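Written out below as structure tokens is the structure these notes cover.
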Amino acid sequence: MYSPEQFAEPRIEVMQDLIRQYPLATLVTLAGDGLNANHVPLHLCGDDGSAHGYLRGHVARANPLWRDTESSPDILAIFQAPNAYISPSWYAGKRETGRVVPTWNYAAVHAYGRLRAVDDPVWILDQIVAMTAAQEAAFTEPWAVADAPADFTERLLTQIVGIEIRITRLLGKWKVSQNQPAANRSSVIAGLRETGHESMADLVAERSEPAARNPPET
């Protein structure tokens, strides 16, 4: 991933936080028929002594993704936060020089690792319970896997296969107007809020802080 220094995010904990907030991954694999991409929600786990953690999920048994591990276990999981178009009309500098162009703001994490298929109903159930609990935690009345009839759940477990990715490398990129002067960043934040892009406005605001623009080395 091309990532100029001002947009690079080296902090593992920051990248892991984005994965937890936006767990729907684009999984890119190289199979016998070429490049494939699948969209799969993944649960980040930090156990088993891995420095970067593990990603765990499941796919339909009919999905060839889990069989691709035999020929090409290397995998790329791409996670993205909400993104937004940035209009040059928002820049304060437009009125001064007119030398402005449109761009796109986004934040993304690339997780590299090795894919392992897990065809074990107990493991798969544990993974589903953990992922569901994490996603339901914000609800007043969270749903739990145990709320469904046991025979219904057991039947569904036969139709899916677990997947696990041991993360070997993380790359983060936060392209959120850090290359703009303070006046332009402030006007971008206002423009984003006016157009309903609150999440991106918050990211631009966070990266406008001096400490965020100069993260400590890790």
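Please note that chains go A, B, ... in the order of the structure tokens, that every chain numbers its residues from 1, and that ligands are numbered from 1 in the order shown.
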
Next on the checklist: Please identify the strand (DSSP E) residues within region 69-99 of chain A (assignment by DSSP from backbone atoms) and present them as a list in words.
Outcome noted: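 DSSP-assigned strand (DSSP E) residues in region 69-99 of chain A: Asp74, Ile75, Leu76, Ala77, Ile78, Phe79, Gln80, Ala84, Tyr85 and Ile86 of chain A.
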
Shell around Leu203 (chain A) at 10 Å using only C-alpha atoms, local window under 2 positions removed, as a PyMOL selection string
chain A and resi 81-82+105-107+174-177+189+198-201+205-208

Residues near Pro88 (chain A), cut-off 10 Å, only C-alpha atoms, skip fewer than 2 positions along chain, as a CSV table (one decimal) with N, CA, C and O atoms, in the first residue's frame:
```csv
chain,number,residue,atom,x,y,z
A,85,TYR,N,-15.7,12.0,0.2
A,85,TYR,CA,-15.2,12.9,-0.8
A,85,TYR,C,-14.9,14.3,-0.2
A,85,TYR,O,-15.7,14.8,0.6
A,86,ILE,N,-13.8,14.9,-0.5
A,86,ILE,CA,-13.5,16.2,0.0
A,86,ILE,C,-13.5,17.3,-1.1
A,86,ILE,O,-12.8,17.2,-2.1
A,90,TRP,N,-14.6,23.5,0.0
A,90,TRP,CA,-14.5,23.7,1.4
A,90,TRP,C,-13.2,24.4,1.9
A,90,TRP,O,-13.2,24.9,3.0
A,91,TYR,N,-12.2,24.3,1.1
A,91,TYR,CA,-10.9,24.8,1.6
A,91,TYR,C,-10.9,26.3,1.7
A,91,TYR,O,-11.4,27.0,0.8
A,92,ALA,N,-10.4,26.8,2.9
A,92,ALA,CA,-10.3,28.2,3.0
A,92,ALA,C,-9.4,28.8,2.0
A,92,ALA,O,-9.5,30.0,1.5
A,93,GLY,N,-8.4,28.0,1.6
A,93,GLY,CA,-7.4,28.5,0.6
A,93,GLY,C,-8.0,28.7,-0.8
A,93,GLY,O,-7.3,29.4,-1.6
A,94,LYS,N,-9.1,28.2,-1.1
A,94,LYS,CA,-9.8,28.4,-2.4
A,94,LYS,C,-10.0,29.9,-2.6
A,94,LYS,O,-9.8,30.4,-3.8
A,98,GLY,N,-7.1,29.8,-5.2
A,98,GLY,CA,-7.9,29.0,-6.1
A,98,GLY,C,-7.1,27.7,-6.5
A,98,GLY,O,-7.6,26.9,-7.3
A,99,ARG,N,-5.9,27.5,-6.0
A,99,ARG,CA,-5.1,26.4,-6.3
A,99,ARG,C,-5.5,25.2,-5.4
A,99,ARG,O,-4.7,24.8,-4.5
A,100,VAL,N,-6.6,24.6,-5.6
A,100,VAL,CA,-7.1,23.5,-4.8
A,100,VAL,C,-7.7,22.5,-5.7
A,100,VAL,O,-8.2,22.8,-6.8
A,101,VAL,N,-7.7,21.2,-5.3
A,101,VAL,CA,-8.3,20.2,-6.1
A,101,VAL,C,-9.1,19.2,-5.2
A,101,VAL,O,-8.8,19.2,-4.0
A,102,PRO,N,-10.0,18.5,-5.7
A,102,PRO,CA,-10.8,17.5,-4.9
A,102,PRO,C,-9.9,16.3,-4.5
A,102,PRO,O,-8.9,16.0,-5.2
A,103,THR,N,-10.3,15.7,-3.4
A,103,THR,CA,-9.6,14.5,-3.0
A,103,THR,C,-10.5,13.6,-2.3
A,103,THR,O,-11.7,13.8,-2.2
A,184,ASN,N,-7.5,25.1,6.4
A,184,ASN,CA,-8.2,24.1,5.5
A,184,ASN,C,-8.8,22.9,6.2
A,184,ASN,O,-9.9,22.5,6.0
A,188,VAL,N,-12.6,21.8,6.3
A,188,VAL,CA,-13.0,20.5,5.9
A,188,VAL,C,-13.9,19.8,6.9
A,188,VAL,O,-14.9,19.2,6.6
```

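Here CA of Trp143 (chain A) is placed at a distance of 27.5 Å from CA of Ile78 (chain A).
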
Hey, what's within 9 Å of Arg56 (chain A) if we count only C-alpha atoms and toss same-chain stuff fewer than 3 positions away? As a count of residues only, please?
12

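Taking only C-alpha atoms into account, Leu171 (chain A) lies nearest to A:Gln80 out of the set A:Thr158, A:Gln80, A:Ser89, A:Thr132.
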
One-decimal distance in Å that lies between CA of Met1 (chain A) and CA of Phe79 (chain A) =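 Calculated distance between CA of Phe79 (chain A) and CA of Met1 (chain A) is 12.7 Å.
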